[in-house]
Amino acid sequence: MTDTEGGDFIRDIIRKDLEAGATPIVTRFPPEPNGYLHIGHAKSICLNFGVAEEFGGVCHLRFDDTNPAKEDVEYIESIQEDLRWLGFDWGDHLHFASDYFEQLYDWALHLIEAGNAYVDDLSADEIREYRGTLTEPGRNSPHRDRSPSENATLFEQMRNGDFPDGAKVLRAKIDMSSGNINLRDPVLYRIMRTTHPRTGNTWNIYPNYDFAHGQSDAIEGVTHSLCTLEFADHRPLYDWLLNNLPVPGHPRQYEFARLNLTYTMLSKRRLMQLVVDGHVDGWDDPRMPTISGLHRRGIPAAAIRDFAQRIGLTKSNSTVEYALLEHCARELLNKTAQRRMAVLRPLKIVIENYPEGDGELLDAVNNPENEADGMRQVPFSKEIYIEHDDFMEDPPKKFFRLGPGREVRLRYAYFLTCREAIKDGAGKIVELRCTYDPETRGGNAPDGRKVKATLHWVSAAHAKPAEVRLYDHLFTSENPGANDDISSDINPDSLEVLQNCQLEPALADAPLDETLQYERLGYFCPDTTSTPDKLVFNRTVGLRDVWARMQKQAANSKGR
């Protein structure tokens with residue numbers, strides 16, 4: 001978390017407000033329960049909960065449940081689960097806009113009685129036509145001059161269900177010639193006969209976001225309403241409503257730039273399309289930018305919080321490299337992840353001069369970055385697996401791994417020399433015959449001779465078979481959907497499923513929420529579908545740090 005000495009314009013505002021004698025701050029995170037949270041939401045979550053914690057305030061979790069046609073209890077539950085996993089707690093401050101429906105209705109009547117709102121019979125298309133454009137003023141609705149009493153009666157009839165959906169709306173009466181289209185008599189209520197996840201069929205009308213949001217902030221005593229830049233044009237309406245209603249306070253709205261991420265789409269509508277069209281396996285598919293997808297992929301919650309802090313807060317939109325998120329995960333996992341050995345594309349080795357029998361146990365380091373993690377023992381035997389890519393029959397000059405007559409080190413084990421490659425009828429190498437030097441136990445030669453490569457391996461007799469899923473970007477374009485056709489940007493190679501991978505026995509007991517390092521291969525975690533009978537692992541990130549390389553190249557360019 002950014003501490004109180006950190007600098008960004010939001011924290012500077014809060015600091016000045018507190019120095020001026022403001023009451024303890026209250027923020028809120030107000031998701032719509034119409035989909036799963038994604039990495040863009042994480043930026044807002046970390047900001048709202050973070051500044052509340054830093055400055056001794058509180059942050060509310062409030063669901064903006066004003067559109068029951070798209071809302072579901074599943075989303076309400078998933079959002080709370082994601083927030084808890086990210087490490088945030090709202091305590092007793094769980095709220096819903098639906099908690100305030102009766103109060104909001106009364107305040108709508110207040111606007112009607114004051115001559116500041118009216119019931120309109122125009123259709124949605126007609127309202128858009130009458131609203132005008134950015135260069136042309138709007139036109140008054142023919143129903144704009146209804147009397148307060150007539151409007152109050154019609155609004156009550158709307159509530160009672162006397163009119164069909166779309167027949168009438170309640171609009172604020174502000175200024176149809178305003179340069180800000182949001183002030184051209186915006187719609188406050190619409191008729192919607194849809195069962196609500198919490199209020200059932202009690203209501204036939206629902207407030208829209210602009211009417212519910214600011215008033216809910218005021219009811220809850222929110223002091224700083226932090227939202228993304230697309231709501232900047234809505235702020236005059238936010239303030240107009242608060243100024244024209246008998247609300248208990250006047251929160252202040254501040255906007256910051258939303259997160260844009262390369263190779264990633266952060267529109268809930270588009271993410272829903274990916275799920276519905278079957279491009280992914282649900283909202284928590286590890287290729288999705290959802291919090292649950294990142295969780296399932298093995299990205300640590302602390303890495304997401306670190307990412308949110310590093311990208312910072314600005315008032316102008318920009319795009320962040322996805323490689324930075326991977327860097328945050330890799331940097332954390334390098335310090336914390338337990339090391340294990342796994343062979344993804346196995347090639348069998350028979351060590352001809354190794355004794356027959358059960359083999360032996362060798363000491364292996366759990367985490368070289370943390371001595372307290374101690375050691376483990378891994379089984380070694382006459383037959384082992386190595387990666388198929390670690391052997392070449394006719395190796396080029398700079399290939400230092402195993403080849404005919406070549407000697408390599410087996411991690412934690414022995415020096416090994418290849419004597420023969422066995423091929424099948426099609427000429428494919430299926431097995432290697434090798435010898436080992438028993439004097440090199442632990443991977444060191446008493447005579448001081450050196451080798452240029454150290455390979456990971458797994459004992460064939462003790463290995464645990466597994467399915468391993470290798471994930472890449474879901475999209476081939478850095479800016480997917482730019483032409484409004486996301487299907488053309490889908491990466492056909494975003495998922496590679498490897499069967500019959502061979503894992504060190506300890507990996508069979510890996511907890512679902514633990515991400516481990518497969519030595520030389522990357523970071524992996526058990527998938528939610530993994531069972532003792534069928535192990536399934538997901539690759540979280542590889543070992544190669546693309547972000548660090550990009551930063552180094554940028555620094556070198558500046559130095560020229």
# chains A, B, ... in the order shown; residues from 1 in each chain; ligands from 1
>>> select_by_dssp(residues="segment 69-141 of chain A", states="strand (DSSP E or B)", output="JSON, numbers by chain")
{"A": [94, 95, 96, 117, 118, 119, 120]}
>>> select_by_dssp(residues="segment 292-370 of chain A", states="alpha helix (DSSP H)", output="VMD selection string")
chain A and resid 292 to 297 301 to 311 322 to 336
>>> residues_around(residues="Thr27 of chain A", least_positions_apart="3", cutoff="7 Å", atoms="only C-alpha atoms", output="ChimeraX atom specification")
/A:48,52,58-60,222-225
>>> closest_residue(among="A:Ser292, A:Phe256, A:Cys418, A:Phe307", to="Gln80 of chain A", atoms="only C-alpha atoms")
A:Ser292
>>> atom_distance(atom1="atom CA of Pro355 of chain A", atom2="atom CA of Glu431 of chain A")
18.7 Å
>>> residues_around(residues="Leu226 of chain A", least_positions_apart="6", cutoff="7 Å", atoms="only C-alpha atoms", output="number ranges by chain")
A: 253-255
>>> closest_residue(among="A:Val187, A:Ala232, A:Ile490, A:Leu521", to="Leu470 of chain A", atoms="only C-alpha atoms")
A:Leu521
>>> closest_residue(among="A:Met550, A:Lys382, A:Gly278, A:Leu259", to="Ala308 of chain A", atoms="only C-alpha atoms")
A:Leu259
>>> closest_residue(among="A:Ile205, A:Val350, A:Val247, A:Leu83", to="Ser98 of chain A", atoms="only C-alpha atoms")
A:Ile205
>>> residues_around(residues="Met192 of chain A", least_positions_apart="5", cutoff="7 Å", atoms="only C-alpha atoms", output="number ranges by chain")
A: 165, 204-206
>>> write_last_selection(atoms="C-alpha atoms", output="CSV table (one decimal), in the first residue's frame")
chain,number,residue,atom,x,y,z
A,165,ASP,CA,-42.2,-0.5,-19.7
A,204,ASN,CA,-41.9,-1.2,-11.0
A,205,ILE,CA,-39.6,1.8,-11.4
A,206,TYR,CA,-35.8,2.1,-10.8
>>> residues_around(residues="segment 121-129 of chain A", least_positions_apart="2", cutoff="8 Å", atoms="only C-alpha atoms", output="list of chain:residue names")
A:Val119, A:Arg131, A:Gly132, A:Ser141, A:His143, A:Gly166, A:Ala167, A:Lys168, A:Val169
>>> write_last_selection(atoms="C-alpha atoms", output="short mmCIF file (atom, residue, chain, number, x, y, z; two decimals), in the first residue's frame")
data_model
loop_
_atom_site.label_atom_id
_atom_site.label_comp_id
_atom_site.auth_asym_id
_atom_site.auth_seq_id
_atom_site.Cartn_x
_atom_site.Cartn_y
_atom_site.Cartn_z
CA VAL A 119 -42.80 12.84 -16.22
CA ARG A 131 -31.44 16.08 -26.68
CA GLY A 132 -29.49 17.62 -29.56
CA SER A 141 -40.12 17.94 -24.53
CA HIS A 143 -44.48 17.31 -21.72
CA GLY A 166 -40.78 2.40 -21.61
CA ALA A 167 -44.06 4.31 -21.67
CA LYS A 168 -42.88 7.08 -19.38
CA VAL A 169 -39.75 8.28 -17.57
#
>>> closest_residue(among="A:Ala554, A:Val73, A:Met158, A:Ala97", to="His213 of chain A", atoms="only C-alpha atoms")
A:Ala97
